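For reference, input-v2.txt is printed below; it contains compact mmCIF, C-alpha atoms.
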```txt
# COMPACT_ATOMS: atom_id res chain seq x y z
CA MET A 1 -1.31 16.89 -15.00
CA LYS A 2 -5.04 17.58 -15.16
CA LYS A 3 -6.89 16.81 -11.97
CA ILE A 4 -10.09 14.84 -12.32
CA GLY A 5 -12.62 15.77 -9.66
CA LEU A 6 -14.20 12.72 -8.06
CA CYS A 7 -16.14 12.24 -4.86
CA LEU A 8 -14.06 9.62 -3.05
CA ALA A 9 -16.86 8.93 -0.60
CA ALA A 10 -18.91 7.60 -3.50
CA ILE A 11 -16.33 5.06 -4.68
CA VAL A 12 -15.09 3.32 -1.57
CA LEU A 13 -16.77 0.03 -2.46
CA LEU A 14 -14.44 -2.43 -4.14
CA ALA A 15 -17.18 -4.60 -5.65
CA VAL A 16 -20.78 -4.52 -6.78
CA PRO A 17 -22.98 -6.65 -4.47
CA ALA A 18 -23.40 -10.20 -5.78
CA ALA A 19 -27.18 -9.87 -5.65
CA ALA A 20 -27.04 -7.27 -8.40
CA PHE A 21 -26.00 -9.86 -10.99
CA PRO A 22 -26.64 -13.55 -11.46
CA GLY A 23 -23.55 -15.64 -10.81
CA GLY A 24 -21.29 -13.36 -8.78
CA GLU A 25 -19.69 -9.95 -8.54
CA VAL A 26 -17.73 -7.38 -10.46
CA THR A 27 -14.48 -6.88 -8.54
CA PHE A 28 -11.56 -4.51 -8.89
CA ASP A 29 -8.41 -5.00 -6.85
CA THR A 30 -4.63 -5.03 -6.72
CA ASP A 31 -2.29 -8.01 -6.40
CA PHE A 32 -0.86 -6.44 -3.20
CA THR A 33 -1.99 -3.66 -0.87
CA ARG A 34 1.56 -2.51 -0.10
CA TYR A 35 4.16 -1.95 -2.80
CA ARG A 36 7.80 -1.02 -2.58
CA GLU A 37 8.84 2.05 -4.51
CA ARG A 38 9.23 1.57 -8.27
CA LYS A 39 7.49 -1.79 -8.34
CA ILE A 40 4.76 -2.40 -10.91
CA VAL A 41 1.23 -2.05 -9.55
CA THR A 42 -1.21 -4.54 -11.08
CA LEU A 43 -4.92 -3.65 -11.09
CA THR A 44 -7.46 -6.24 -12.23
CA LEU A 45 -11.14 -5.84 -13.06
CA ARG A 46 -13.01 -9.17 -13.07
CA ASN A 47 -16.52 -9.78 -14.33
CA GLY A 48 -17.81 -12.63 -12.20
CA THR A 49 -21.41 -12.07 -13.23
CA GLY A 50 -23.56 -13.73 -15.87
CA GLU A 51 -23.88 -10.58 -17.94
CA ALA A 52 -21.49 -8.49 -20.01
CA ILE A 53 -20.43 -5.15 -18.57
CA THR A 54 -19.01 -2.11 -20.32
CA MET A 55 -15.89 -0.23 -19.23
CA GLU A 56 -15.72 3.53 -19.52
CA ASN A 57 -12.66 5.70 -20.10
CA PRO A 58 -10.46 6.78 -18.49
CA TRP A 59 -9.12 4.66 -15.64
CA VAL A 60 -7.05 6.79 -13.31
CA MET A 61 -4.58 6.66 -10.44
CA GLU A 62 -5.21 9.22 -7.71
CA ASP A 63 -3.20 10.42 -4.74
CA ARG A 64 -5.51 9.86 -1.77
CA ARG A 65 -4.09 12.86 0.09
CA ASP A 66 -5.27 15.50 -2.38
CA GLY A 67 -7.20 13.71 -5.13
CA GLN A 68 -4.53 14.60 -7.68
CA THR A 69 -4.53 12.39 -10.79
CA GLU A 70 -1.15 10.68 -11.17
CA SER A 71 -1.75 8.68 -14.35
CA VAL A 72 -4.53 7.99 -16.85
CA TYR A 73 -5.28 4.88 -18.95
CA MET A 74 -7.50 5.01 -22.05
CA TRP A 75 -8.76 1.58 -23.04
CA PRO A 76 -8.99 0.64 -26.76
CA ASP A 77 -12.55 0.55 -28.09
CA ASP A 78 -12.39 -3.18 -28.82
CA GLN A 79 -11.66 -3.96 -25.14
CA LEU A 80 -14.44 -1.95 -23.51
CA VAL A 81 -16.97 -4.81 -23.32
CA VAL A 82 -16.08 -7.38 -20.65
CA ALA A 83 -17.90 -10.68 -21.08
CA PRO A 84 -18.87 -12.92 -18.14
CA GLY A 85 -15.74 -14.52 -16.70
CA GLU A 86 -13.37 -12.10 -18.43
CA GLU A 87 -10.96 -9.66 -16.84
CA ARG A 88 -9.00 -6.53 -17.74
CA VAL A 89 -5.55 -5.88 -16.28
CA TRP A 90 -3.67 -2.59 -15.99
CA ARG A 91 0.00 -2.93 -15.06
CA TRP A 92 0.95 0.52 -13.85
CA GLU A 93 4.70 0.84 -14.21
CA GLN A 94 5.05 3.65 -11.73
CA ASN A 95 8.81 3.74 -12.19
CA GLY A 96 8.27 6.11 -15.12
CA GLY A 97 10.53 4.10 -17.42
CA GLY A 98 8.07 1.86 -19.23
CA CYS A 99 4.82 1.69 -21.10
CA TYR A 100 1.65 1.29 -19.07
CA GLY A 101 0.14 -1.43 -21.27
CA GLN A 102 -1.39 -0.19 -24.53
CA CYS A 103 1.14 2.56 -25.26
CA ASP A 104 -0.93 4.35 -27.90
CA ASN A 105 -3.79 4.84 -25.44
CA VAL A 106 -1.91 5.97 -22.36
CA GLN A 107 -1.29 9.37 -20.91
CA TYR A 108 1.92 9.01 -18.94
CA GLY A 109 2.16 10.01 -15.32
CA ASP A 110 5.21 11.12 -13.39
CA PRO A 111 6.96 8.61 -11.08
CA VAL A 112 5.41 8.74 -7.63
CA GLY A 113 6.98 8.50 -4.20
CA PRO A 114 5.78 6.94 -0.97
CA GLY A 115 2.13 7.57 -0.24
CA ARG A 116 -1.43 6.26 -0.37
CA TYR A 117 -3.07 5.90 -3.76
CA LEU A 118 -6.35 4.87 -5.34
CA GLY A 119 -6.93 3.05 -8.63
CA ILE A 120 -10.31 3.90 -10.11
CA ALA A 121 -12.02 1.82 -12.80
CA ARG A 122 -15.10 3.30 -14.46
CA THR A 123 -17.68 0.79 -15.66
CA SER A 124 -21.36 0.52 -16.47
CA THR A 125 -21.79 -0.82 -12.93
CA GLY A 126 -20.34 2.39 -11.48
CA ASP A 127 -16.93 3.55 -10.33
CA LEU A 128 -14.90 0.87 -8.55
CA ALA A 129 -11.91 1.74 -6.37
CA ALA A 130 -8.81 -0.20 -5.30
CA PRO A 131 -6.71 1.44 -2.56
CA PHE A 132 -3.02 0.66 -2.15
CA GLU A 133 0.16 2.11 -0.69
CA ILE A 134 3.67 2.70 -1.99
CA GLY A 135 6.40 2.81 0.61
CA GLU A 136 9.47 0.98 1.83
CA PHE A 137 10.26 -1.95 4.12
CA PHE A 138 12.96 -1.69 6.79
CA THR A 139 14.56 -4.31 9.02
CA ILE A 140 14.76 -3.42 12.71
CA GLY A 141 17.48 -4.97 14.86
CA PHE A 142 17.83 -5.18 18.64
CA THR A 143 21.15 -4.77 20.44
CA SER A 144 19.84 -6.77 23.41
CA ARG A 145 18.50 -9.58 21.17
CA PRO A 146 20.86 -9.86 18.16
CA GLN A 147 19.00 -12.88 16.80
CA ALA A 148 15.67 -11.02 16.63
CA LYS A 149 14.62 -9.14 13.48
CA PHE A 150 11.46 -7.11 12.98
CA ILE A 151 10.11 -5.72 9.70
CA VAL A 152 8.32 -2.37 9.51
CA TYR A 153 6.62 -0.69 6.55
CA VAL A 154 6.77 3.08 6.12
CA ASN A 155 4.58 4.92 3.61
CA THR A 156 5.17 8.66 3.93
CA PRO A 157 8.02 10.57 2.24
CA ALA A 158 9.34 12.13 5.46
CA GLU A 159 9.36 8.83 7.37
CA VAL A 160 11.03 6.95 4.53
CA ALA A 161 13.80 9.57 4.28
CA GLN A 162 14.33 9.46 8.03
CA MET A 163 14.48 5.67 8.15
CA ARG A 164 16.91 5.53 5.21
CA ALA A 165 19.19 8.02 6.97
CA GLN A 166 19.12 5.87 10.08
CA ALA A 167 19.96 2.73 8.13
CA ALA A 168 23.11 4.49 6.88
CA ALA A 169 24.05 6.03 10.25
CA SER A 170 26.85 4.75 12.47
CA GLN A 171 25.85 2.62 15.44
CA ASP A 172 26.57 5.51 17.82
CA ASP A 173 24.02 7.66 15.99
CA LYS A 174 21.26 5.07 15.82
CA GLN A 175 17.88 6.02 17.31
CA ILE A 176 15.12 4.00 18.93
CA VAL A 177 12.30 2.90 16.62
CA SER A 178 8.78 3.27 18.01
CA GLY A 179 5.29 2.62 16.70
CA ILE A 180 1.73 1.63 17.58
CA VAL A 181 1.20 -2.13 17.84
CA ARG A 182 -1.28 -3.49 15.27
CA ARG A 183 -2.45 -6.98 14.32
CA GLY A 184 -0.92 -8.60 11.26
CA LYS A 185 2.03 -10.60 9.97
CA SER A 186 1.82 -10.48 6.15
CA TYR A 187 5.21 -8.79 5.76
CA ASN A 188 6.53 -9.74 9.20
CA PRO A 189 6.10 -13.53 9.24
CA ASP A 190 8.06 -14.16 12.44
CA TRP A 191 5.61 -12.15 14.54
CA ASN A 192 1.84 -11.86 14.94
CA PHE A 193 1.88 -8.08 15.14
CA THR A 194 3.31 -5.05 13.34
CA MET A 195 3.97 -1.37 13.91
CA GLY A 196 1.30 0.72 12.21
CA PRO A 197 2.90 2.37 9.11
CA GLY A 198 1.64 5.86 9.95
CA SER A 199 2.69 5.68 13.61
CA ILE A 200 6.44 5.04 13.36
CA VAL A 201 8.74 7.63 14.92
CA LEU A 202 12.43 7.72 15.86
CA GLY A 203 13.92 9.15 19.03
CA ASP A 204 16.81 9.09 21.47
CA VAL A 205 14.69 8.71 24.61
CA PHE A 206 11.29 7.15 25.33
CA ILE A 207 9.51 6.44 28.61
CA GLU A 208 10.17 3.04 30.14
CA VAL A 209 6.54 1.92 30.12
CA CYS A 210 6.63 1.35 26.33
CA ASP A 211 9.92 -0.60 26.37
CA GLY A 212 9.91 -4.35 25.80
CA SER A 213 11.46 -7.00 23.60
CA PRO A 214 9.49 -8.30 20.59
CA TYR A 215 9.21 -11.63 22.42
CA TYR A 216 7.51 -9.91 25.36
CA VAL A 217 5.08 -8.09 23.08
CA GLN A 218 4.31 -11.35 21.27
CA ARG A 219 3.45 -13.10 24.54
CA HIS A 220 1.26 -10.22 25.74
CA ARG A 221 -0.05 -9.04 22.38
CA SER A 222 -3.64 -8.43 23.51
CA GLU A 223 -2.38 -5.95 26.11
CA TRP A 224 -0.19 -4.11 23.57
CA LEU A 225 -2.64 -3.73 20.69
CA GLY A 226 -3.23 -0.03 20.07
CA GLU A 227 -0.41 0.94 22.42
CA ARG A 228 2.94 2.56 21.60
CA TRP A 229 5.89 0.18 21.63
CA CYS A 230 9.39 1.67 21.97
CA PRO A 231 11.98 -1.10 22.42
CA TRP A 232 15.00 0.75 23.80
CA SER A 233 17.50 -1.57 22.13
CA SER A 234 15.94 -1.19 18.65
CA TYR A 235 17.57 0.46 15.65
CA VAL A 236 17.16 0.58 11.87
CA GLU A 237 19.44 -2.18 10.62
CA LYS A 238 18.88 -1.94 6.86
CA VAL A 239 16.60 -0.89 4.05
CA GLY A 240 14.47 -3.84 2.90
CA ARG A 241 13.72 -7.12 4.58
```
As structure tokens, please, write out the structure in this file.
Amino acid sequence: MKKIGLCLAAIVLLAVPAAAFPGGEVTFDTDFTRYRERKIVTLTLRNGTGEAITMENPWVMEDRRDGQTESVYMWPDDQLVVAPGEERVWRWEQNGGGCYGQCDNVQYGDPVGPGRYLGIARTSTGDLAAPFEIGEFFTIGFTSRPQAKFIVYVNTPAEVAQMRAQAAASQDDKQIVSGIVRRGKSYNPDWNFTMGPGSIVLGDVFIEVCDGSPYYVQRHRSEWLGERWCPWSSYVEKVGR
């Protein structure tokens, strides 16, 4: 598919400053920041200002690793003006099996795998960007604490394949799950911390200093933030949460 050259550094802002328009902002965002594979990504442009704005074609989806365009949306001419208080929604069905909204105006993109992506909306206010990730959730179990469950999110193809293989492995072949401790609980509601998606590795042996139950890390979270956690009794229990 044709690659559209864009300077990503110029489009990192998600909204025009409120001071630029009376009454609010122009915003562009997704309904989630992390999507499971083959789920529909919803991108919404909202005109919260007191003036009409004009959209420009095309809107695109880019792979943030290489700037490659994954899909393109061409808006109908009668929808290009967005009045104050109005919004425009693009439901990107990245499973490859559906229509991305206005079928007659869409250039289809191939299904995408795990990775980091950028939705870009072009408007008279400038290019607005909405970053998001596509990956997979996994449930981590602990042989020493059978009642404890921990959710991790993985967003690179190699990591997802490795984690899926571990979920299907016999208990004797299970490996330790390790990652850097980060703040957050949006997809891991039982805990006030997560493993950073890009930091997760599997192994048979880790040093003792990074071992600890999730309860211990929870109690001493401030000491663990930014550090590698490698609970020796951990294993990939299943795909999903």
List as a PyMOL selection string the protein and nucleic acid residues near stretch 36-40 of chain A, meaning an atom at most 7 Å away when only C-alpha atoms are counted, but skip any in the same chain fewer than 2 places from it. chain A and resi 34+42+91-95+113-114+134-136
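Across the structure, atom CA of A:Ser222 and atom CA of A:Lys149 are spaced 20.8 Å apart.
Here atom CA of A:Val201 is placed at a distance of 20.3 Å from atom CA of A:Arg221.
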Could you give me, as an NGL selection string, the residues that sit within 8 Å of (3.2, 0.0, 14.0) in the file's coordinates, counting only C-alpha atoms? :A and (152 or 178-182 or 194-200)
Residue nearest A:Gln68 among A:Cys230, A:Arg116, A:Val89, A:Thr54 (counting all atoms listed in the file): A:Arg116
Nearest residue to A:Trp229 out of A:Asp204, A:Ile176, A:Ile53, A:Arg241, using all atoms listed in the file?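 Ranking A:Asp204, A:Ile176, A:Ile53, A:Arg241 by distance to A:Trp229, first place goes to A:Ile176.
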Fewer than 6 positions away in the same chain doesn't count, so skip those; otherwise give me all residues within 9 Å of A:Gly85, counting all atoms listed in the file, as a ChimeraX atom specification. /A:46-50,52
I'd like the neighbourhood of A:Trp75 as a PyMOL selection string, where a residue qualifies if any of its atoms comes within 7 Å (using only C-alpha atoms), though same-chain residues fewer than 2 positions away should be ignored. chain A and resi 57+73+77+79-80+105
Those residues with C-alpha atoms, as a short mmCIF file (atom, residue, chain, number, x, y, z; two decimals), in the frame of the given file please?
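Output file result01.cif is given in full below:
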```cif
data_model
loop_
_atom_site.label_atom_id
_atom_site.label_comp_id
_atom_site.auth_asym_id
_atom_site.auth_seq_id
_atom_site.Cartn_x
_atom_site.Cartn_y
_atom_site.Cartn_z
CA ASN A 57 -12.66 5.70 -20.10
CA TYR A 73 -5.28 4.88 -18.95
CA ASP A 77 -12.55 0.55 -28.09
CA GLN A 79 -11.66 -3.96 -25.14
CA LEU A 80 -14.44 -1.95 -23.51
CA ASN A 105 -3.79 4.84 -25.44
#
```
Could you tell me which of A:Val112, A:Gly226, A:Arg164, A:Gly141 comes closest to A:Glu70 if we count only C-alpha atoms? A:Val112
Which protein, DNA or RNA residues have an atom at most 10 Å from (1.8, -12.1, 14.2), counting all atoms listed in the file? List them as a VMD selection string. chain A and resid 182 to 194 218 221
12 Å contact set for A:Leu118, all atoms listed in the file, chain neighbours under 2 positions out, as a PyMOL selection string: chain A and resi 6+8+11-14+28-30+33+41+43+59-71+115-116+120-121+127-134
Same residues, C-alpha atoms, output as an mmCIF file, keeping the file's coordinate frame:
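This went into result02.cif:
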```cif
data_model
loop_
_atom_site.group_PDB
_atom_site.id
_atom_site.type_symbol
_atom_site.label_atom_id
_atom_site.label_comp_id
_atom_site.auth_asym_id
_atom_site.auth_seq_id
_atom_site.Cartn_x
_atom_site.Cartn_y
_atom_site.Cartn_z
ATOM 1 C CA LEU A 6 -14.200 12.720 -8.060
ATOM 2 C CA LEU A 8 -14.060 9.620 -3.050
ATOM 3 C CA ILE A 11 -16.330 5.060 -4.680
ATOM 4 C CA VAL A 12 -15.090 3.320 -1.570
ATOM 5 C CA LEU A 13 -16.770 0.030 -2.460
ATOM 6 C CA LEU A 14 -14.440 -2.430 -4.140
ATOM 7 C CA PHE A 28 -11.560 -4.510 -8.890
ATOM 8 C CA ASP A 29 -8.410 -5.000 -6.850
ATOM 9 C CA THR A 30 -4.630 -5.030 -6.720
ATOM 10 C CA THR A 33 -1.990 -3.660 -0.870
ATOM 11 C CA VAL A 41 1.230 -2.050 -9.550
ATOM 12 C CA LEU A 43 -4.920 -3.650 -11.090
ATOM 13 C CA TRP A 59 -9.120 4.660 -15.640
ATOM 14 C CA VAL A 60 -7.050 6.790 -13.310
ATOM 15 C CA MET A 61 -4.580 6.660 -10.440
ATOM 16 C CA GLU A 62 -5.210 9.220 -7.710
ATOM 17 C CA ASP A 63 -3.200 10.420 -4.740
ATOM 18 C CA ARG A 64 -5.510 9.860 -1.770
ATOM 19 C CA ARG A 65 -4.090 12.860 0.090
ATOM 20 C CA ASP A 66 -5.270 15.500 -2.380
ATOM 21 C CA GLY A 67 -7.200 13.710 -5.130
ATOM 22 C CA GLN A 68 -4.530 14.600 -7.680
ATOM 23 C CA THR A 69 -4.530 12.390 -10.790
ATOM 24 C CA GLU A 70 -1.150 10.680 -11.170
ATOM 25 C CA SER A 71 -1.750 8.680 -14.350
ATOM 26 C CA GLY A 115 2.130 7.570 -0.240
ATOM 27 C CA ARG A 116 -1.430 6.260 -0.370
ATOM 28 C CA ILE A 120 -10.310 3.900 -10.110
ATOM 29 C CA ALA A 121 -12.020 1.820 -12.800
ATOM 30 C CA ASP A 127 -16.930 3.550 -10.330
ATOM 31 C CA LEU A 128 -14.900 0.870 -8.550
ATOM 32 C CA ALA A 129 -11.910 1.740 -6.370
ATOM 33 C CA ALA A 130 -8.810 -0.200 -5.300
ATOM 34 C CA PRO A 131 -6.710 1.440 -2.560
ATOM 35 C CA PHE A 132 -3.020 0.660 -2.150
ATOM 36 C CA GLU A 133 0.160 2.110 -0.690
ATOM 37 C CA ILE A 134 3.670 2.700 -1.990
#
```
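Taking atom CA of A:Met74 as the reference point, atom CA of A:Thr156 is found at 29.1 Å.
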Of the residues A:Val154, A:Ala168, A:Ile140, A:Met163, which is the one nearest to A:Ser233, using only C-alpha atoms?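 Among the listed residues, A:Ile140 lies closest to A:Ser233.
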Find the residues around stretch 214-216 of chain A up to 8 Å (all atoms listed in the file counted), leave out those fewer than 4 positions away in its own chain, and share them as a PDB file with C-alpha atoms, keeping the file's coordinate frame.
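What follows is the written file part19.pdb:
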```
ATOM      1  CA  ALA A 148      15.670 -11.020  16.630  1.00  0.00           C
ATOM      2  CA  PHE A 150      11.460  -7.110  12.980  1.00  0.00           C
ATOM      3  CA  HIS A 220       1.260 -10.220  25.740  1.00  0.00           C
ATOM      4  CA  PRO A 231      11.980  -1.100  22.420  1.00  0.00           C
TER       5      PRO A 231
END
```
